[in-house]
Structures are given as C-alpha cells and as structure tokens.
Amino acid sequence: MIELIYLSIPLSIMSILITGVAGFIGINFLEYYFNTYPEEQIIGLDKFTYAADKKGLKKIMIENKDRLEFIKGDLQNFELLDYIFTKYDIKSVVNFAAETHVDNSIEEPKIFAETNILGVLNLLTVAKKYWLINQKWLEGARFVQISTDEVYGSLERVGLFTEDSPLDPHSPYSASKASGDLMVKAFVDTYEFPGMITRCSNNYGSHQHLEKLIPKIISRAINHQPIPIYGDGKQIRDWLYVQDHCKAIDMVHKNGTLGDIYNIGGNNEWNNISLTKKLLQILSQKLDDPMINETLIEHVSDRLGHDRRYGIDSTKIRNKLGWQAETSFDVGLNQTVDWYLKKFDDKPPH
C-alpha cells in the first residue's frame, strides 16, 4: 500500500530522496535543507514508527507544501522503493531510516536487522537498478548512508576512532548499523556504486524522542521524577549539535568523494553523570525550581554490553570538506532545553 501525503510538485524536478524524514536527525536535516536551498524540492519517506515526530513533520509539510512530497512507507517494501524511483527522477539518496535505540535492540534484535540491514540492501538494489545504465552510472548520482560511531565499539581513555579503525560493534543496534555500512561498501567495491558513509557521534537537539538521554533527563526533571543513570554514570560520549551534523551531511552529499567514509564528531566529550548534573542546573535556573537538583539522580543496573567511551576524529572531513562543529555546548544545550520546554508547555510529557 502506497500512501501519498502530498502530490503537488511537478514530477520532472524531483531529485532527492530523504528516508527517515520524521526521525530525529532526518527531520532536522529536512529543516536545514529547506532553509539552505530555498529552490530545491524533496521526496521524503518514513515508516512512522513510535519515534517519529509526526507533529513536527506535519508543520514542515504545511510550510513547504510546494517543495516536499511525503510518502509513508518502509524500506522493507521493495515494491514501494521501486515505485519511488520509477515515478520520480531520483538522483540522490540520503538514508537516515533506521531503528536506533540500543535498549530496544537488546530486546528485539530482529527488528533492527530488518530495517538497518535488509532495508539498506533494498535501497541500494533499487538505486543500482535505476542509476546503472549501459554499464555507466547516472551522472551526479549519490547515495549517503548515515551511520554511527558505535560501529567502532568502545574506546579506552585515550585515542579517537578514525575512518580506518576496525569495526567492533557490541550491541545488536551497532552490529546492524555496521552491517548496513558493509553492504554499502560492498556495493561500492563490487559495482563502483556512488555511495558514501558518514559516522557521527552522539547528537543532541530538537525533535529527539524522549527515550534518549537528554530529552529523558529534561522530561523527568521538570516532573520531579527520578532520572535513571546506568551504572556509575561515567560512560563517556562525544556530543554533537544536530544542526552542525546536518551541515556536515550536506557537505558530504554535495562534495564528498564517492566511496569515502567521513567521521563527524563534536570534539565535546562528557560522561553521563556530569552531563546530567549540568542539565539539572540549567533547568533549575530556567524554571526557578529548587526541586530540580541532583537528588533526582537514580543509579540503576548498567546496560548489557554498555560501551565505556566513544570518541571520533573528524580530521578528514575538516581537511577535505572544510567542516567543523560550530555550536558551543552551552549554546546548543540551552537551545535544546528551550525547545523541549516549549514543546512540553504545549503538551506535557507522559
């Protein structure tokens, strides 16, 4: 079943397919792209899982109804993907579509394999079908696979992952993303497919689901509920503002070298407990609420297979494409908190 939400753009000018447009990074990229390229149009695809920001996407669709056509659907639906490439002049793909929550992958790994591996294979197969013409690739065709630093596994206290670091995933989620990446690499190596891979550190910003760490802290703190922290809370993550990430993806999409991998990091490492305390301080001050304090922190049993530290080296994308993270953590975190407070003011979390 193919569900078209908007059909208002001349088919001849369609060119970019963005999957996962209702997810956290996908919807931010959609906003970024429309703001950056006011004349371009997009085909958007999303399965509308529980993590989709349907309200946020609807708002963007209304504001850009002459520039966005949205199709509800699943990467596992090969017929749907074939229809999209047949019906529209798709010349590039940015693939955000993925199951992403590590805890869920531990409980239901099969769902992650279906979307993050088989879904990617379907998308690659259809793109190859329409882009490889008489043994020549369609001029300008580009496929960007959005991945994660978690495919590299866990770091010790020193050092950073580079694009040449071996893959060593430790959860069903990261294993499924690494497998999707390897599928892209296999198409590049076997068919000279015009694919690229980006691997980012932990993103934060607007539109993220409440199951993720920063939104969870905010939503629970403003309701004076316990904030669960895995183990000792000293797991270290590199935090990247989602709008900085979107700019990096755009640079790779427009100017990246086909076949390359690009690490995208914020150079901004925090352990979970320190980040939690920082957020509590920001919230307490913004809301003038002394009950928002460190007594809300509740240490719980550690996650199975929990990686201790991630950190990635962004030297390659900086040197080759001129990208670097621009948003300071204080600015980005305050903007993120303000976005959620407004969201919760309109509709409190539950």
# chains A, B, ... in the order shown; residues from 1 in each chain; ligands from 1
>>> residues_around(residues="region 166-182 of chain A", least_positions_apart="4", cutoff="8 Å", atoms="only C-alpha atoms", output="PyMOL selection string")
chain A and resi 99-102+105-106+109+112-113+116-118+120-121+145+147-148+150-154+186+197+305-307
>>> residues_around(residues="Pro290 (chain A)", least_positions_apart="3", cutoff="12 Å", atoms="only C-alpha atoms", output="PyMOL selection string")
chain A and resi 221-222+224+280-287+293-296
>>> write_last_selection(atoms="C-alpha atoms", output="PDB file, in the first residue's frame")
ATOM      1  CA  ALA A 221      13.374  16.561  35.835  1.00  0.00           C
ATOM      2  CA  ILE A 222      10.566  19.045  35.160  1.00  0.00           C
ATOM      3  CA  HIS A 224      10.443  15.869  39.647  1.00  0.00           C
ATOM      4  CA  LEU A 280      19.726  19.802  36.075  1.00  0.00           C
ATOM      5  CA  GLN A 281      21.487  23.068  36.837  1.00  0.00           C
ATOM      6  CA  ILE A 282      20.274  24.653  33.584  1.00  0.00           C
ATOM      7  CA  LEU A 283      16.689  23.510  34.188  1.00  0.00           C
ATOM      8  CA  SER A 284      16.654  24.628  37.810  1.00  0.00           C
ATOM      9  CA  GLN A 285      17.806  28.093  36.810  1.00  0.00           C
ATOM     10  CA  LYS A 286      15.463  28.444  33.833  1.00  0.00           C
ATOM     11  CA  LEU A 287      12.415  27.306  35.798  1.00  0.00           C
ATOM     12  CA  ASN A 293      18.527  19.042  41.669  1.00  0.00           C
ATOM     13  CA  GLU A 294      20.935  16.116  41.891  1.00  0.00           C
ATOM     14  CA  THR A 295      18.734  14.207  44.368  1.00  0.00           C
ATOM     15  CA  LEU A 296      16.639  13.169  41.330  1.00  0.00           C
TER      16      LEU A 296
END
>>> select_by_dssp(residues="region 28-267 of chain A", states="alpha helix (DSSP H)", output="ChimeraX atom specification")
/A:28-36,54-63,78-87,102-107,109-113,120-131,172-191,213-222,242-255
>>> residues_around(residues="Asp330 (chain A)", least_positions_apart="2", cutoff="12 Å", atoms="only C-alpha atoms", output="ChimeraX atom specification")
/A:239-241,268,275,278-279,281-282,326-328,332-337
>>> write_last_selection(atoms="N, CA and C atoms", output="PDB file, in the first residue's frame")
ATOM      1  N   TRP A 239      29.481  14.695  22.247  1.00  0.00           N
ATOM      2  CA  TRP A 239      28.183  15.269  21.901  1.00  0.00           C
ATOM      3  C   TRP A 239      28.314  16.275  20.763  1.00  0.00           C
ATOM      4  N   LEU A 240      27.426  16.114  19.780  1.00  0.00           N
ATOM      5  CA  LEU A 240      27.426  16.917  18.561  1.00  0.00           C
ATOM      6  C   LEU A 240      26.047  17.535  18.365  1.00  0.00           C
ATOM      7  N   TYR A 241      25.993  18.853  18.196  1.00  0.00           N
ATOM      8  CA  TYR A 241      24.718  19.530  17.971  1.00  0.00           C
ATOM      9  C   TYR A 241      24.172  19.115  16.611  1.00  0.00           C
ATOM     10  N   ASN A 268      33.679  16.990  21.918  1.00  0.00           N
ATOM     11  CA  ASN A 268      32.975  17.526  23.078  1.00  0.00           C
ATOM     12  C   ASN A 268      32.555  16.364  23.987  1.00  0.00           C
ATOM     13  N   LEU A 275      27.001  15.286  32.550  1.00  0.00           N
ATOM     14  CA  LEU A 275      26.012  15.886  31.655  1.00  0.00           C
ATOM     15  C   LEU A 275      24.666  16.024  32.367  1.00  0.00           C
ATOM     16  N   LYS A 278      24.781  18.909  34.740  1.00  0.00           N
ATOM     17  CA  LYS A 278      24.772  20.184  34.008  1.00  0.00           C
ATOM     18  C   LYS A 278      23.355  20.532  33.563  1.00  0.00           C
ATOM     19  N   LEU A 279      22.643  19.553  33.039  1.00  0.00           N
ATOM     20  CA  LEU A 279      21.271  19.789  32.597  1.00  0.00           C
ATOM     21  C   LEU A 279      20.365  20.156  33.770  1.00  0.00           C
ATOM     22  N   GLN A 281      21.182  21.683  36.458  1.00  0.00           N
ATOM     23  CA  GLN A 281      21.487  23.068  36.837  1.00  0.00           C
ATOM     24  C   GLN A 281      20.817  24.055  35.882  1.00  0.00           C
ATOM     25  N   ILE A 282      20.899  23.778  34.577  1.00  0.00           N
ATOM     26  CA  ILE A 282      20.274  24.653  33.584  1.00  0.00           C
ATOM     27  C   ILE A 282      18.767  24.720  33.802  1.00  0.00           C
ATOM     28  N   GLU A 326      30.464  23.981  15.004  1.00  0.00           N
ATOM     29  CA  GLU A 326      30.465  25.420  15.259  1.00  0.00           C
ATOM     30  C   GLU A 326      29.724  25.817  16.534  1.00  0.00           C
ATOM     31  N   THR A 327      28.813  24.993  16.999  1.00  0.00           N
ATOM     32  CA  THR A 327      27.947  25.366  18.116  1.00  0.00           C
ATOM     33  C   THR A 327      28.565  24.931  19.438  1.00  0.00           C
ATOM     34  N   SER A 328      28.804  25.866  20.329  1.00  0.00           N
ATOM     35  CA  SER A 328      29.339  25.518  21.643  1.00  0.00           C
ATOM     36  C   SER A 328      28.308  24.697  22.409  1.00  0.00           C
ATOM     37  N   GLY A 332      24.253  25.206  22.438  1.00  0.00           N
ATOM     38  CA  GLY A 332      23.413  24.131  21.907  1.00  0.00           C
ATOM     39  C   GLY A 332      22.530  23.505  22.961  1.00  0.00           C
ATOM     40  N   LEU A 333      23.072  23.306  24.155  1.00  0.00           N
ATOM     41  CA  LEU A 333      22.304  22.679  25.223  1.00  0.00           C
ATOM     42  C   LEU A 333      21.171  23.595  25.690  1.00  0.00           C
ATOM     43  N   ASN A 334      21.449  24.880  25.799  1.00  0.00           N
ATOM     44  CA  ASN A 334      20.403  25.822  26.196  1.00  0.00           C
ATOM     45  C   ASN A 334      19.310  25.910  25.134  1.00  0.00           C
ATOM     46  N   GLN A 335      19.693  25.906  23.859  1.00  0.00           N
ATOM     47  CA  GLN A 335      18.688  25.927  22.793  1.00  0.00           C
ATOM     48  C   GLN A 335      17.843  24.656  22.819  1.00  0.00           C
ATOM     49  N   THR A 336      18.486  23.542  23.104  1.00  0.00           N
ATOM     50  CA  THR A 336      17.768  22.270  23.184  1.00  0.00           C
ATOM     51  C   THR A 336      16.779  22.266  24.341  1.00  0.00           C
ATOM     52  N   VAL A 337      17.227  22.717  25.500  1.00  0.00           N
ATOM     53  CA  VAL A 337      16.344  22.787  26.672  1.00  0.00           C
ATOM     54  C   VAL A 337      15.156  23.697  26.377  1.00  0.00           C
TER      55      VAL A 337
END
>>> atom_distance(atom1="CA of Ile249 (chain A)", atom2="CA of Ile236 (chain A)")
23.9 Å
>>> closest_residue(among="A:Asn64, A:Ser274, A:Asn263, A:Gln208", to="Gln324 (chain A)", atoms="only C-alpha atoms")
A:Asn263
>>> decode(residues="region 123-151 of chain A", atoms="C-alpha atoms", output="PDB file, in the first residue's frame")
ATOM      1  CA  LEU A 123      17.510   0.754  -1.126  1.00  0.00           C
ATOM      2  CA  LEU A 124      20.918   0.015  -2.648  1.00  0.00           C
ATOM      3  CA  THR A 125      19.466  -2.562  -5.019  1.00  0.00           C
ATOM      4  CA  VAL A 126      16.779  -0.219  -6.346  1.00  0.00           C
ATOM      5  CA  ALA A 127      19.228   2.679  -6.679  1.00  0.00           C
ATOM      6  CA  LYS A 128      21.622   0.447  -8.639  1.00  0.00           C
ATOM      7  CA  LYS A 129      18.773  -0.668 -10.898  1.00  0.00           C
ATOM      8  CA  TYR A 130      17.919   2.900 -11.903  1.00  0.00           C
ATOM      9  CA  TRP A 131      21.332   4.541 -11.780  1.00  0.00           C
ATOM     10  CA  LEU A 132      23.426   1.966 -13.661  1.00  0.00           C
ATOM     11  CA  ILE A 133      22.573   2.492 -17.318  1.00  0.00           C
ATOM     12  CA  ASN A 134      24.503   0.656 -20.068  1.00  0.00           C
ATOM     13  CA  GLN A 135      27.319  -0.085 -17.610  1.00  0.00           C
ATOM     14  CA  LYS A 136      27.632   3.612 -16.740  1.00  0.00           C
ATOM     15  CA  TRP A 137      26.459   5.303 -13.589  1.00  0.00           C
ATOM     16  CA  LEU A 138      23.957   8.140 -13.842  1.00  0.00           C
ATOM     17  CA  GLU A 139      25.881  11.415 -13.766  1.00  0.00           C
ATOM     18  CA  GLY A 140      25.621  13.102 -10.390  1.00  0.00           C
ATOM     19  CA  ALA A 141      24.070  10.092  -8.635  1.00  0.00           C
ATOM     20  CA  ARG A 142      24.982   9.963  -4.931  1.00  0.00           C
ATOM     21  CA  PHE A 143      23.986   7.771  -2.001  1.00  0.00           C
ATOM     22  CA  VAL A 144      24.809   8.871   1.561  1.00  0.00           C
ATOM     23  CA  GLN A 145      24.452   6.259   4.298  1.00  0.00           C
ATOM     24  CA  ILE A 146      24.057   7.861   7.740  1.00  0.00           C
ATOM     25  CA  SER A 147      25.748   5.724  10.378  1.00  0.00           C
ATOM     26  CA  THR A 148      27.157   5.950  13.899  1.00  0.00           C
ATOM     27  CA  ASP A 149      30.402   5.915  15.836  1.00  0.00           C
ATOM     28  CA  GLU A 150      29.041   2.911  17.754  1.00  0.00           C
ATOM     29  CA  VAL A 151      30.093   0.618  14.898  1.00  0.00           C
TER      30      VAL A 151
END
